[in-house]
Each structure stands twice: as structure tokens, then as C-alpha cells.
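Have a look at target33.txt below; it lists compact mmCIF, C-alpha atoms.
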# COMPACT_ATOMS: atom_id res chain seq x y z
CA MET A 208 -199.36 -23.39 5.42
CA SER A 209 -196.08 -24.38 3.78
CA ASN A 210 -195.30 -28.09 3.56
CA GLY A 211 -191.57 -27.31 3.74
CA TRP A 212 -190.52 -28.36 0.26
CA ASP A 213 -189.73 -24.89 -1.08
CA GLU A 214 -187.53 -24.19 1.93
CA SER A 215 -185.92 -27.65 1.87
CA ALA A 216 -185.26 -28.01 -1.86
CA ALA A 217 -181.56 -27.09 -1.74
CA ALA A 218 -180.87 -29.45 1.16
CA TRP A 219 -182.83 -32.20 -0.59
CA ILE A 220 -180.83 -31.82 -3.81
CA ALA A 221 -177.57 -31.96 -1.86
CA ASP A 222 -178.70 -35.01 0.12
CA MET A 223 -179.88 -36.98 -2.90
CA GLY A 224 -176.96 -36.31 -5.22
CA GLU A 225 -177.05 -38.74 -8.12
CA ALA A 226 -176.73 -41.94 -6.07
CA GLY A 227 -179.68 -41.20 -3.78
CA ASP A 228 -180.01 -41.85 -0.08
CA PHE A 229 -179.87 -45.22 1.67
CA GLY A 230 -183.54 -46.00 1.08
CA ARG A 231 -183.32 -45.39 -2.63
CA ALA A 232 -179.83 -46.64 -3.45
CA CYS A 233 -179.75 -49.63 -1.12
CA VAL A 234 -183.40 -50.68 -0.85
CA LEU A 235 -185.84 -49.44 -3.47
CA ASP A 236 -184.06 -48.64 -6.75
CA ALA A 237 -183.24 -52.22 -7.70
CA PRO A 238 -186.67 -53.81 -7.05
CA MET A 239 -188.46 -50.81 -8.60
CA LEU A 240 -186.44 -51.16 -11.79
CA VAL A 241 -187.01 -54.93 -11.86
CA ARG A 242 -190.76 -54.21 -12.11
CA LEU A 243 -190.13 -52.05 -15.21
CA ARG A 244 -187.57 -53.94 -17.28
CA GLY A 245 -188.81 -55.97 -20.23
CA ARG A 246 -192.44 -54.88 -19.80
CA ASP A 247 -192.70 -52.80 -23.01
CA PHE A 248 -193.94 -49.71 -21.23
CA ARG A 249 -194.15 -46.81 -23.66
CA ARG A 250 -195.05 -43.68 -21.70
CA ALA A 251 -194.60 -43.09 -17.97
CA LEU A 252 -195.66 -40.40 -15.51
CA ASP A 253 -193.58 -39.89 -12.37
CA VAL A 254 -195.88 -38.21 -9.83
CA GLY A 255 -193.79 -36.09 -7.47
CA CYS A 256 -190.62 -36.43 -9.51
CA GLY A 257 -188.58 -34.06 -7.35
CA GLU A 258 -185.17 -33.39 -8.84
CA GLY A 259 -185.82 -36.01 -11.53
CA ARG A 260 -183.54 -38.80 -10.41
CA PHE A 261 -185.95 -41.68 -10.98
CA CYS A 262 -187.24 -40.10 -14.20
CA ARG A 263 -183.73 -40.34 -15.59
CA MET A 264 -183.51 -43.99 -14.56
CA VAL A 265 -186.82 -44.77 -16.25
CA ARG A 266 -185.78 -42.92 -19.42
CA ASP A 267 -182.56 -44.98 -19.46
CA LEU A 268 -184.84 -48.02 -19.94
CA GLY A 269 -186.15 -46.47 -23.15
CA ILE A 270 -189.48 -45.36 -21.68
CA GLU A 271 -190.76 -41.88 -22.57
CA THR A 272 -191.16 -40.24 -19.16
CA VAL A 273 -192.91 -37.13 -17.88
CA GLY A 274 -192.15 -35.81 -14.40
CA ILE A 275 -194.55 -33.62 -12.45
CA ASP A 276 -193.87 -31.84 -9.16
CA PRO A 277 -195.17 -28.76 -7.33
CA THR A 278 -191.74 -27.49 -6.20
CA ASP A 279 -190.14 -25.09 -8.69
CA ALA A 280 -186.59 -25.43 -7.37
CA LEU A 281 -186.68 -29.21 -7.76
CA LEU A 282 -188.05 -28.92 -11.30
CA ARG A 283 -185.28 -26.47 -12.22
CA ARG A 284 -182.72 -28.98 -10.99
CA ALA A 285 -184.40 -31.78 -12.92
CA ARG A 286 -184.30 -29.77 -16.16
CA ALA A 287 -180.68 -28.78 -15.58
CA ARG A 288 -179.65 -32.42 -15.11
CA ASP A 289 -181.81 -33.66 -18.00
CA PRO A 290 -182.38 -30.92 -20.59
CA GLU A 291 -184.10 -33.33 -22.98
CA GLY A 292 -186.53 -34.57 -20.33
CA THR A 293 -190.07 -33.33 -19.70
CA TYR A 294 -190.66 -31.83 -16.25
CA ILE A 295 -193.77 -29.79 -15.55
CA PRO A 296 -195.29 -28.09 -12.50
CA GLY A 297 -198.44 -29.56 -11.02
CA HIS A 298 -200.11 -31.35 -8.15
CA ALA A 299 -201.06 -35.00 -7.81
CA GLU A 300 -204.59 -34.00 -6.83
CA ALA A 301 -205.28 -32.45 -10.26
CA LEU A 302 -203.06 -34.01 -12.93
CA PRO A 303 -203.03 -31.95 -16.15
CA PHE A 304 -203.35 -34.92 -18.51
CA GLY A 305 -206.13 -36.65 -20.36
CA ASP A 306 -207.72 -39.92 -19.36
CA GLY A 307 -205.53 -42.94 -20.09
CA ALA A 308 -202.54 -40.84 -21.16
CA PHE A 309 -199.91 -43.19 -19.65
CA ASP A 310 -199.41 -46.94 -19.54
CA LEU A 311 -197.19 -46.53 -16.45
CA VAL A 312 -197.69 -44.22 -13.48
CA VAL A 313 -195.05 -44.16 -10.74
CA SER A 314 -195.34 -42.83 -7.20
CA TYR A 315 -191.87 -43.24 -5.69
CA LEU A 316 -192.06 -42.20 -2.01
CA THR A 317 -194.58 -39.46 -2.75
CA LEU A 318 -197.88 -40.67 -1.25
CA ILE A 319 -196.60 -39.50 2.14
CA ASP A 320 -196.18 -35.96 0.74
CA ILE A 321 -199.65 -35.55 -0.77
CA PRO A 322 -202.17 -33.68 1.41
CA ASP A 323 -205.35 -34.85 -0.36
CA ILE A 324 -204.74 -38.50 -1.06
CA ARG A 325 -208.46 -39.07 -1.67
CA ALA A 326 -208.17 -36.87 -4.76
CA ALA A 327 -204.68 -37.95 -5.83
CA ILE A 328 -205.20 -41.70 -6.11
CA PRO A 329 -208.30 -41.36 -8.34
CA GLU A 330 -206.28 -38.94 -10.50
CA MET A 331 -203.45 -41.47 -10.88
CA ALA A 332 -205.99 -44.11 -11.87
CA ARG A 333 -207.71 -41.75 -14.30
CA VAL A 334 -204.57 -40.95 -16.32
CA LEU A 335 -203.60 -44.64 -16.42
CA ALA A 336 -204.52 -46.46 -19.61
CA PRO A 337 -206.57 -49.67 -19.41
CA GLY A 338 -204.12 -52.51 -18.87
CA GLY A 339 -201.57 -50.06 -17.46
CA THR A 340 -199.56 -50.25 -14.24
CA LEU A 341 -199.43 -48.04 -11.17
CA LEU A 342 -196.14 -48.70 -9.38
CA ILE A 343 -195.89 -47.40 -5.82
CA ALA A 344 -193.11 -47.22 -3.26
CA ASN A 345 -194.11 -45.74 0.08
CA LEU A 346 -193.11 -45.63 3.71
CA THR A 347 -194.81 -48.39 5.66
CA SER A 348 -197.64 -47.13 7.81
CA PHE A 349 -196.13 -48.51 11.01
CA SER A 350 -192.94 -46.56 10.31
CA THR A 351 -194.86 -43.29 9.85
CA ALA A 352 -196.81 -44.00 13.07
CA GLY A 353 -193.76 -44.63 15.22
CA GLY A 354 -190.10 -44.11 15.90
CA TRP A 355 -187.06 -45.40 17.74
CA SER A 356 -186.58 -44.49 21.39
CA GLU A 357 -184.10 -45.44 24.11
CA ASP A 358 -184.99 -46.26 27.69
CA ALA A 359 -182.98 -45.43 30.82
CA ASP A 360 -180.97 -48.64 30.43
CA GLY A 361 -179.96 -47.76 26.87
CA VAL A 362 -182.26 -50.32 25.28
CA ARG A 363 -183.57 -49.13 21.93
CA SER A 364 -187.07 -50.04 20.81
CA PHE A 365 -189.51 -49.00 18.14
CA ARG A 366 -192.82 -47.71 19.42
CA ILE A 367 -196.02 -47.19 17.44
CA ASP A 368 -198.75 -44.82 18.54
CA GLY A 369 -201.90 -43.44 16.93
CA TYR A 370 -201.71 -45.87 14.03
CA LEU A 371 -205.32 -45.34 12.92
CA ASP A 372 -205.18 -41.54 13.15
CA GLU A 373 -204.46 -39.85 9.81
CA ARG A 374 -202.18 -36.86 10.34
CA ALA A 375 -199.32 -34.77 8.97
CA GLU A 376 -196.15 -34.43 11.02
CA TRP A 377 -192.86 -32.65 10.45
CA ALA A 378 -189.96 -34.89 9.44
CA GLU A 379 -186.45 -33.46 9.79
CA TRP A 380 -183.08 -34.82 8.63
CA HIS A 381 -179.91 -33.42 7.03
CA GLY A 382 -181.30 -29.87 6.88
CA ILE A 383 -184.57 -31.03 5.33
CA ARG A 384 -187.85 -30.27 7.10
CA VAL A 385 -191.04 -31.36 5.36
CA HIS A 386 -194.53 -32.55 6.15
CA ASN A 387 -194.98 -36.34 5.97
CA TRP A 388 -198.46 -37.79 6.13
CA HIS A 389 -199.19 -40.81 8.26
CA ARG A 390 -202.13 -42.90 7.11
CA PRO A 391 -203.06 -46.48 8.01
CA LEU A 392 -202.37 -48.96 5.24
CA SER A 393 -206.07 -49.75 5.00
CA LEU A 394 -206.79 -46.21 3.82
CA TYR A 395 -204.39 -46.53 0.89
CA MET A 396 -205.60 -50.02 0.05
CA ASN A 397 -209.27 -49.08 0.08
CA LEU A 398 -208.68 -46.03 -2.11
CA LEU A 399 -206.78 -48.11 -4.66
CA LEU A 400 -209.32 -50.93 -4.61
CA GLY A 401 -212.08 -48.36 -4.91
CA GLN A 402 -210.68 -47.35 -8.31
CA GLY A 403 -211.11 -50.91 -9.55
CA LEU A 404 -207.36 -51.51 -9.62
CA VAL A 405 -206.02 -55.04 -9.19
CA LEU A 406 -203.03 -55.73 -6.92
CA ARG A 407 -200.38 -57.66 -8.86
CA HIS A 408 -197.33 -57.35 -6.61
CA PHE A 409 -196.59 -56.48 -2.99
CA ASP A 410 -193.23 -56.44 -1.25
CA GLU A 411 -191.35 -55.10 1.75
CA PRO A 412 -187.93 -55.06 0.07
CA MET A 413 -184.75 -55.84 1.95
CA PRO A 414 -181.55 -53.78 1.66
CA HIS A 415 -178.99 -55.03 -0.83
CA GLY A 416 -176.05 -53.06 0.53
CA GLY A 417 -175.17 -50.15 2.75
CA ASP A 418 -173.93 -49.63 6.29
CA PRO A 419 -174.30 -52.93 8.22
CA ALA A 420 -175.66 -51.22 11.35
CA ARG A 421 -178.31 -49.47 9.30
CA VAL A 422 -179.19 -52.71 7.52
CA ALA A 423 -179.58 -54.42 10.91
CA ARG A 424 -182.00 -51.73 12.10
CA TYR A 425 -183.93 -52.03 8.85
CA ARG A 426 -184.33 -55.78 9.37
CA GLN A 427 -185.96 -55.02 12.73
CA VAL A 428 -188.42 -52.47 11.32
CA PRO A 429 -188.56 -52.20 7.49
CA TRP A 430 -189.36 -48.68 6.35
CA PHE A 431 -190.68 -49.26 2.85
CA LEU A 432 -193.27 -51.18 0.90
CA MET A 433 -193.83 -51.63 -2.83
CA MET A 434 -197.11 -52.23 -4.61
CA GLU A 435 -197.92 -52.79 -8.26
CA TRP A 436 -201.51 -52.24 -9.32
CA GLU A 437 -203.07 -52.93 -12.72
CA LYS A 438 -205.95 -51.06 -14.31
CA PRO A 439 -208.16 -53.70 -15.93
CA ALA A 440 -208.35 -53.61 -19.70
CA ALA A 441 -211.57 -52.20 -21.11
Mind converting the file's structure to C-alpha cells?
Amino acid sequence: MSNGWDESAAAWIADMGEAGDFGRACVLDAPMLVRLRGRDFRRALDVGCGEGRFCRMVRDLGIETVGIDPTDALLRRARARDPEGTYIPGHAEALPFGDGAFDLVVSYLTLIDIPDIRAAIPEMARVLAPGGTLLIANLTSFSTAGGWSEDADGVRSFRIDGYLDERAEWAEWHGIRVHNWHRPLSLYMNLLLGQGLVLRHFDEPMPHGGDPARVARYRQVPWFLMMEWEKPAA
């Protein structure tokens, strides 16, 4: 069954543009880049690179970057925007790289798109060099388990249901319709810990700009988390 990305690629490219959407431009880009600057990373892998926006940002820091994604239309756009970049087809569950090939692996809002997370996280750890960093941005698990609703009196509230039940659901916005996976945070954490990775940073970043009404809603229920994991040196 299609996950929607082939059909949604054109709408996604139009929605992202170069600046990105609210979550990227106003919440995640700045703290993600803070975790990369001045760290002497040499070679990065962006898992689920999409149209290549974050790859270009990482390359601007002087880090050799490889992007991998299963959606051909997004890869074509990435190559068109960045002809000197490296963008290859592939799936997170079976990364076509040798052990320890990268000292930085990035998953920027892609864990929610991966059907077999139990295969993907070990693969990310495998291609990470000892002493390397796995940098993750993801939707919070309570945001993927719930949504805003309005009662008869017009009072809006955020309701969570089925938090512990792993499942894929259709997410639709701006002409995009894709499968997003809900998983409890404990599932992600246990998979990462099971690879022997060490948590070095955790954050639920706040917006640093954007529409005030949207920022106010975000302060009620933050959508994103960031995690930085280190692979112990041999």
C-alpha cells in the first residue's frame, strides 16, 4: 500500500519552498544547527532527506553530506537545487553504506514516516562511527496520539487517545496526504538504548518566531522533540 509520498511530492515541494514550514523555520532549524556548529563533523548522512533542504544547510557548515530518500520526485528536486550534492535512493531500514561510514547521522522529522522502525534505528546506529552522533527531531508522541477538537461551547482542547497503540494514520494538510506513524516515546527510547547509544541532549524546543496565534497553540501542546545520541567509542 502506498504511503502517499509519491502522490504528495509536488505539494510537499511547494509547501516547503526554501524557507520551510513553521515547524522547521520557526522551531527546529535553529536548535538543530546549534547542535552541529563547531563540532568538527566530517561526514553526515541525512536519513529521509526529502527535497534536500536540511542537507544544503548541513553542507553550508562545511560538512560532507549524503542524503537518502525513497521518493524519486523529492530526490530529483534535491539534485536540481544542489547539483554538487549527493542524493541517493534508499530506505532507512536497509541503508546502503558500510559500518561506521558517518560520524553524524540525522533524522529530521523522518522517524514518523518509517514503517519498520525496529529495523531502521539499528541501521542508523550501524552506519554511525564510534564516537559519532545521531541527531533526531521528531513529532512528540502525545502529538501523534491526539489532536485539537472544539466542544459545543467553542472551547478548544487537545485530546489524546490510544497513546500506547502503535499505528499508522493518514495526515493531510496543504494538499499533502501521507502516512504518519504514532509510537509511544518508550518504544523509540528502548530501541535507541538497545543499540548501546548514550543520550547526550534532549529538548522540546520553543518557537523563535512565526504567527503569534500559532506560537500560543504550540506553547499549550509542543509538537516536536529533539534528541542527540552518541555511539560510544570503541
Among listed residues A:Glu357, A:Pro296, A:Gly307, A:Arg242, nearest Arg407 of chain A (using all atoms listed in the file):
A:Arg242
Pick the closest to Gly292 of chain A from A:Ala327, A:Leu311, A:Ala251, A:Leu316: which is it, counting only C-alpha atoms?
A:Ala251
With all atoms listed in the file as the atoms that count, which of A:Glu330, A:Glu437, A:Glu379, A:Asp323 lies nearest to Ala218 of chain A?
A:Glu379
Per residue of segment 283-362 of chain A within 6 Å of segment 259-277 of chain A, record the nearest atom pair and its distance in Å to one decimal, counting all atoms listed in the file, with rows in chain order and ascending residue number, as a tab-separated table.
residue	atom	partner	partner_atom	distance
A:Ala285	CA	A:Gly259	CA	4.7
A:Thr293	CA	A:Val273	CA	5.1
A:Tyr294	CA	A:Gly274	CA	4.6
A:Ile295	CA	A:Ile275	CA	5.0
A:Pro296	CA	A:Pro277	CA	5.2
A:Gly297	CA	A:Pro277	CA	5.0
A:His298	CA	A:Pro277	CA	5.6
Atom CA of Ile328 of chain A and atom CA of Asp213 of chain A, how far apart in Å?
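Pair atom CA of Asp213 of chain A / atom CA of Ile328 of chain A returns 23.4 Å.
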